[in-house]
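**Student:** Below is one structure. I have some questions about it.
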Amino acid sequence: MGAARHSREALLEAENGRLRERVGELERRNEELVAEVGELKLRLEEALRAAKRQAAPFRRRQRKRSGKKAGRKPGHPAANRPVPGTVDQIIDVPLESCPFCGGPIDDVRSHEQFVVDIPPVQPSVTQFVTHSGTCRRCGRRARSRHADQTSDATGAAGVQVGPRALALAVDIKHRVGVPYRKVTGLFDLFFGLHVSPGALVRAEKRIAQSCEPTYQRLIEQVRNSPVVHGDETGWHIATADKKAWLWVFATPSGETLYAIRTSRGKDVVDDVLGDEYAGTLVVDGWGAYKSLECRKAQCIAHLFRRCAELLEVQKRGSARFPHAVKELLTWAMDLKRVQLEGLWSTRMYRRQVRQLEADFDKLLHGQLTDPDNLRFAKHLRAHQDEVFVFLRDPAVAPTNNLAEREIRPAVLVRKISAGNRTPVGAHVHEVLASLSRTTERKGLLLPELLPDLLRSTEPAALLPIFGAPTTSRPIPETAHGSQCRPNHLPRNGGSVLRRAGRPMARGDGADARAPPS
């Protein structure tokens with residue numbers, strides 16, 4: 001009995017030891033899970049705060065340190081304000097005695113300083129005395145009108161705001177993004193012009209109606225452009241039943257077209273560019289652009305961003321695929337620089353492009369197992385013919401930066417005004433913002449062009465603001481240039497898959513014997 005009891009006690013002690021080890025392991029695992037849950041909660045709270053705070057999506061979480069010293073480099077020409085070409089008045093400031101002790105002054109020298117200032121502005125008031133009468137022939141009532149009149153209103157509405165003031169208010173509202181309530185305060189404070197926000201709102205509707213032919217002509221100019229950059233962002237219309245979107249279509253020749261619609265689908269692209277658009281559309285890969293049969297070009301910056309997002313979470317073998325895609329995209333950007341600077345002959349350049357496209361095709365059709373890599377590869381295969389379009393056509397940019405720059409003013413306006421109240425107001429904004437931004441890109445001022453349009457009795461187009469679009473050019477037949485090799489470019493057209501410093505003919509971590517992933 002003693003031996004049996006001793007044996008049972010030994011078994012129980014051994015089992016107790018195993019259970020204690022198991023409990024300790026579970027406690028350690030529990031601590032890890034608690035820490036992980038706490039970290040996820042912090043991330044969730046930060047994401048929720050970012051969603052509620054409008055500026056959060058555009059905030060830089062970590063600033064990049066370039067390592068360069070601030071300021072101009074030694075030997076760089078100075079940047080000073082130039083001396084004005086004309087001087088309105090000259091004021092001589094004599095020095096008769098010492099300002100400190102009152103003593104006499106010797107060795108007097110002259111010094112020049114120019115002060116450029118804004119003169120006081122006073123509103124100009126013009127009284128128009130018009131006449132009306134009945135026609136003896138047709139019996140209709142007629143009234144005389146001067147070219148500088150913006151309205152036929154009389155009586156209680158007989159005091160109107162002039163065309164220059166209205167044009168300035170429209171430009172400040174739709175280009176700068178200042179609300180009309182603050183515009184009226186600016187007019188009152190600096191110009192002595194008293195006007196209500198409601199008067200400016202009603203006036204902008206009349207101005208947009210007068211600018212409608214110009215807006216339609218702008219659409220024609222965009223449709224005839226050989227290259228168009230497109231992008232979209234969320235918008236808000238208070239009385240709309242569905243979410244609204246602001247679309248931007250910008251051309252390298254200087255046209256910027258805004259369109260606000262309650263759709264993010266292909267119907268907007270078909271409505272703006274038309275079914276017969278024959279140019280190149282540079283986009284970020286959104287599916288709505290697939291409806292057009294024109295040539296499309298993918299934004300390389302968006303692909304770089306997706307590679308960076310994958311490399312933040314991918315480990316070991318799974319990170320090979322985004323690394324390889326990043327290497328190929330970097331090679332393509334270097335080739336674009338070679339093309340622009342004419343460093344290689346056309347024959348060598350085209351051979352490099354063909355090699356790049358072959359490596360890209362081989363990479364996309366390799367075996368992948370990671371779900372994130374599979375999704376990224378599926379997207380790249382769907383747009384494979386659109387990734388390196390900029391290498392074949394010098395007129396096409398490698399990124400969609402133009403559209404993102406042109407959509408930025410609309411985003412700033414959205415931050416201040418939160419969108420529009422009615423669809424009519426949205427249409428007014430898309431018309432006036434398009435014309436204001438286009439004139440700014442062409443080096444003109446809308447307040448200088450609008451008065452002539454407002455003086456017209458019939459709607460007309462502002463023809464001077466639209467220039468002839470540029471034409472697309474093929475790859476230039478350049479002579480043999482210097483054989484200097486930019487960074488990341490292989491010598492003698494070598495494959496980028498052999499430049500990565502590791503055997504790229506491997507899987508994404510699941511199968512080391514698989515083809516490139």
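Each chain in the structure tokens gets a letter, A, B, ..., in the order shown, and its residues are numbered from 1; ligands are numbered from 1 in order too.
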List every residue of segment 122-183 of chain A that DSSP, applied to the backbone of this structure, places in alpha helix (DSSP H), and write the result as a JSON list (two decimals) with C-alpha atoms, in the first residue's frame.
**Tutor:**
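The resulting result.json:
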[["chain", "number", "residue", "atom", "x", "y", "z"],
["A", 163, "PRO", "CA", -19.29, 93.95, -62.14],
["A", 164, "ARG", "CA", -15.75, 94.36, -60.77],
["A", 165, "ALA", "CA", -16.88, 93.93, -57.17],
["A", 166, "LEU", "CA", -18.97, 90.88, -58.06],
["A", 167, "ALA", "CA", -16.11, 89.34, -60.02],
["A", 168, "LEU", "CA", -13.73, 89.82, -57.09],
["A", 169, "ALA", "CA", -16.24, 88.30, -54.65],
["A", 170, "VAL", "CA", -16.75, 85.27, -56.90],
["A", 171, "ASP", "CA", -13.00, 84.71, -57.23],
["A", 180, "TYR", "CA", -19.42, 85.14, -48.48],
["A", 181, "ARG", "CA", -20.02, 86.32, -44.92],
["A", 182, "LYS", "CA", -16.30, 87.00, -44.56],
["A", 183, "VAL", "CA", -16.13, 88.47, -48.08]]
**Student:** Could you list, as a PyMOL selection string, every residue within 10 Å of segment 299-310 of chain A, counting only C-alpha atoms and ignoring same-chain residues fewer than 2 positions away?
**Tutor:** chain A and resi 229+282-285+296-297+312-315+318-319+321-327+329-330+332-333+372-373+376+379-380+386-388+390+397-401
**Student:** Using N, CA and C atoms, can you write the selected residues to a file as a short mmCIF file (atom, residue, chain, number, x, y, z; two decimals), in the first residue's frame?
**Tutor:**
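result.cif was written with the following content:
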data_model
loop_
_atom_site.label_atom_id
_atom_site.label_comp_id
_atom_site.auth_asym_id
_atom_site.auth_seq_id
_atom_site.Cartn_x
_atom_site.Cartn_y
_atom_site.Cartn_z
N HIS A 229 -5.83 64.21 -66.81
CA HIS A 229 -5.64 63.60 -65.50
C HIS A 229 -6.97 63.67 -64.74
N VAL A 282 -4.96 59.64 -67.41
CA VAL A 282 -4.08 59.26 -66.30
C VAL A 282 -4.93 59.22 -65.03
N VAL A 283 -5.04 58.04 -64.40
CA VAL A 283 -5.93 57.85 -63.25
C VAL A 283 -5.21 57.02 -62.21
N ASP A 284 -5.92 56.77 -61.09
CA ASP A 284 -5.35 56.02 -59.98
C ASP A 284 -5.86 54.59 -59.90
N GLY A 285 -6.56 54.11 -60.89
CA GLY A 285 -7.01 52.73 -60.89
C GLY A 285 -8.45 52.52 -60.47
N LYS A 296 -5.46 54.28 -71.14
CA LYS A 296 -5.37 54.76 -69.76
C LYS A 296 -3.98 54.49 -69.21
N ALA A 297 -3.55 55.36 -68.30
CA ALA A 297 -2.24 55.24 -67.68
C ALA A 297 -2.42 55.22 -66.17
N GLU A 312 5.00 47.22 -44.74
CA GLU A 312 4.84 47.48 -43.31
C GLU A 312 4.33 46.25 -42.56
N VAL A 313 3.62 45.36 -43.25
CA VAL A 313 3.03 44.19 -42.58
C VAL A 313 3.62 42.87 -43.07
N GLN A 314 4.21 42.85 -44.27
CA GLN A 314 4.75 41.60 -44.79
C GLN A 314 6.07 41.27 -44.11
N LYS A 315 6.33 39.98 -43.93
CA LYS A 315 7.54 39.51 -43.28
C LYS A 315 8.21 38.46 -44.16
N SER A 318 7.17 36.72 -47.75
CA SER A 318 6.00 37.43 -48.28
C SER A 318 6.34 38.83 -48.75
N ALA A 319 7.43 39.39 -48.22
CA ALA A 319 7.82 40.75 -48.61
C ALA A 319 8.56 40.79 -49.93
N PHE A 321 7.54 39.93 -52.94
CA PHE A 321 6.73 40.43 -54.07
C PHE A 321 6.63 41.95 -54.06
N PRO A 322 6.23 42.63 -52.96
CA PRO A 322 6.21 44.09 -53.00
C PRO A 322 7.59 44.70 -53.22
N HIS A 323 8.65 44.04 -52.72
CA HIS A 323 10.01 44.54 -52.97
C HIS A 323 10.32 44.50 -54.47
N ALA A 324 9.95 43.40 -55.12
CA ALA A 324 10.23 43.27 -56.55
C ALA A 324 9.42 44.29 -57.36
N VAL A 325 8.15 44.49 -57.00
CA VAL A 325 7.34 45.49 -57.70
C VAL A 325 7.95 46.88 -57.52
N LYS A 326 8.39 47.18 -56.32
CA LYS A 326 9.01 48.48 -56.06
C LYS A 326 10.28 48.66 -56.87
N GLU A 327 11.08 47.61 -57.00
CA GLU A 327 12.30 47.68 -57.81
C GLU A 327 11.96 47.99 -59.27
N LEU A 329 9.25 49.46 -60.48
CA LEU A 329 8.72 50.83 -60.61
C LEU A 329 9.84 51.86 -60.51
N THR A 330 10.82 51.61 -59.63
CA THR A 330 11.96 52.52 -59.54
C THR A 330 12.76 52.51 -60.82
N ALA A 332 11.55 51.96 -63.76
CA ALA A 332 10.75 52.70 -64.74
C ALA A 332 10.91 54.22 -64.56
N MET A 333 10.95 54.69 -63.32
CA MET A 333 11.13 56.11 -63.09
C MET A 333 12.50 56.58 -63.57
N ASP A 372 -2.69 39.23 -49.34
CA ASP A 372 -2.45 40.62 -49.72
C ASP A 372 -1.68 40.70 -51.03
N ASN A 373 -0.70 39.83 -51.20
CA ASN A 373 0.03 39.81 -52.46
C ASN A 373 -0.86 39.39 -53.62
N PHE A 376 -2.96 42.42 -54.63
CA PHE A 376 -2.14 43.41 -55.33
C PHE A 376 -1.78 42.93 -56.73
N HIS A 379 -4.74 43.27 -59.08
CA HIS A 379 -4.91 44.66 -59.53
C HIS A 379 -3.89 44.99 -60.61
N LEU A 380 -2.65 44.58 -60.43
CA LEU A 380 -1.61 44.89 -61.41
C LEU A 380 -1.86 44.17 -62.74
N GLU A 386 -1.41 49.45 -68.53
CA GLU A 386 -1.52 50.88 -68.20
C GLU A 386 -0.38 51.38 -67.32
N VAL A 387 0.47 50.48 -66.83
CA VAL A 387 1.47 50.87 -65.84
C VAL A 387 2.61 51.66 -66.46
N PHE A 388 3.11 51.23 -67.62
CA PHE A 388 4.29 51.84 -68.22
C PHE A 388 3.97 52.62 -69.49
N PHE A 390 3.70 55.79 -69.68
CA PHE A 390 4.49 57.02 -69.70
C PHE A 390 5.88 56.80 -70.30
N ALA A 397 2.62 61.82 -68.02
CA ALA A 397 3.39 61.86 -66.78
C ALA A 397 3.31 60.51 -66.07
N PRO A 398 4.33 60.15 -65.29
CA PRO A 398 4.28 58.86 -64.59
C PRO A 398 3.32 58.83 -63.42
N THR A 399 2.91 59.98 -62.91
CA THR A 399 2.00 60.03 -61.76
C THR A 399 0.78 60.86 -62.08
N ASN A 400 -0.20 60.78 -61.21
CA ASN A 400 -1.42 61.57 -61.34
C ASN A 400 -1.36 62.81 -60.45
N ASN A 401 -0.16 63.35 -60.30
CA ASN A 401 0.03 64.47 -59.39
C ASN A 401 -0.72 65.71 -59.86
#
**Student:** Name the residues of segment 46-258 of chain A that fall into strand (DSSP E) according to DSSP on the backbone, using the chain letters and numbers of this document, as a list in words.
**Tutor:**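 Matching residues for strand (DSSP E) in segment 46-258 of chain A are Ser132, Gly133, Thr134, Arg141, Ala142, Arg143, Val227, Val228, His229, Gly230, Asp231, Glu232, Thr233, Gly234, Trp235, Ala244, Trp245, Leu246, Trp247, Val248, Phe249, Ala250, Thr256, Leu257 and Tyr258 of chain A.
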**Student:** Excluding Leu257 of chain A and its own-chain neighbours fewer than 5 positions away, which residues fall within 9 Å of it when counting only C-alpha atoms? Please give them as a ChimeraX atom specification.
**Tutor:** /A:215,218-219,222,247-251,430-431,433-435,437-438
**Student:** Hey, what's within 7 Å of Arg143 of chain A if we count only C-alpha atoms and toss same-chain stuff fewer than 5 positions away? As a list in words, please?
**Tutor:**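 Contacts, with the query itself left out: Thr130, His131, Ser132 and Gly133 of chain A.
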**Student:** Compare A:Thr214, A:Asn80, A:Gly192, A:Asp152 by their minimum atom-to-atom distance to Ser124 of chain A, counting only C-alpha atoms, and give me the closest one.
**Tutor:**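 Comparing A:Thr214, A:Asn80, A:Gly192, A:Asp152 against Ser124 of chain A, the winner is A:Gly192.
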**Student:** Let me make sure I understand: among A:Thr233, A:Thr280, A:Asn30, A:Thr239, which one has the smallest atom-to-atom distance to Ala259 of chain A if we use only C-alpha atoms?
**Tutor:**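 Smallest separation from Ala259 of chain A among the options: A:Thr233.
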**Student:** Just give me the gap between atom CA of Arg421 of chain A and atom CA of Ile237 of chain A in Å, one decimal is fine.
**Tutor:** 5.3 Å
**Student:** Using only C-alpha atoms, which residues sit within 12 Å of Pro252 of chain A once same-chain residues fewer than 4 positions away are excluded, as a ChimeraX atom specification?
**Tutor:** /A:221-222,225-230,256,280-282,395-397,400-403,405-406,438,441-442,467-472
**Student:** Atom CA of Ser436 of chain A and atom CA of Gly254 of chain A, how far apart in Å?
**Tutor:**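 Computing the Euclidean distance for atom CA of Gly254 of chain A and atom CA of Ser436 of chain A yields 11.7 Å.
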**Student:** Find the spatial neighbours of Trp235 of chain A, counting only C-alpha atoms, within a cut-off of 10 Å - ignore same-chain residues fewer than 2 positions away - and output them as an mmCIF file with C-alpha atoms, in the first residue's frame.
**Tutor:**
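Below is the file that was written, result.cif:
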data_model
loop_
_atom_site.group_PDB
_atom_site.id
_atom_site.type_symbol
_atom_site.label_atom_id
_atom_site.label_comp_id
_atom_site.auth_asym_id
_atom_site.auth_seq_id
_atom_site.Cartn_x
_atom_site.Cartn_y
_atom_site.Cartn_z
ATOM 1 C CA GLU A 232 -12.412 62.357 -57.435
ATOM 2 C CA THR A 233 -13.121 63.121 -53.799
ATOM 3 C CA ILE A 237 -24.934 68.447 -50.763
ATOM 4 C CA ALA A 238 -27.277 68.996 -47.834
ATOM 5 C CA LYS A 243 -23.605 61.098 -51.294
ATOM 6 C CA ALA A 244 -22.053 63.527 -53.728
ATOM 7 C CA TRP A 245 -18.632 63.422 -55.337
ATOM 8 C CA LEU A 246 -16.461 66.138 -56.806
ATOM 9 C CA TRP A 247 -14.606 65.059 -59.944
ATOM 10 C CA ILE A 260 -20.118 67.618 -58.849
ATOM 11 C CA ARG A 261 -22.356 64.567 -59.184
ATOM 12 C CA THR A 262 -24.226 62.212 -56.865
ATOM 13 C CA ALA A 410 -11.625 72.021 -53.850
ATOM 14 C CA VAL A 411 -10.657 70.105 -50.712
ATOM 15 C CA ARG A 414 -14.822 71.742 -48.634
ATOM 16 C CA ALA A 418 -18.573 71.717 -45.925
ATOM 17 C CA GLY A 419 -19.980 71.525 -49.461
ATOM 18 C CA ASN A 420 -23.184 72.992 -50.838
ATOM 19 C CA ALA A 426 -23.266 72.723 -56.451
#
**Student:** Applying 10 Å and only C-alpha atoms, which residues near Leu412 of chain A remain after dropping the ones on its own chain fewer than 3 positions away? List them as a VMD selection string.
**Tutor:** chain A and resid 55 175 to 178 407 to 409 415 to 418
**Student:** Take atom CA of Ser345 of chain A and atom CA of Trp331 of chain A and report the distance between them in Å, one decimal.
**Tutor:** 17.2 Å
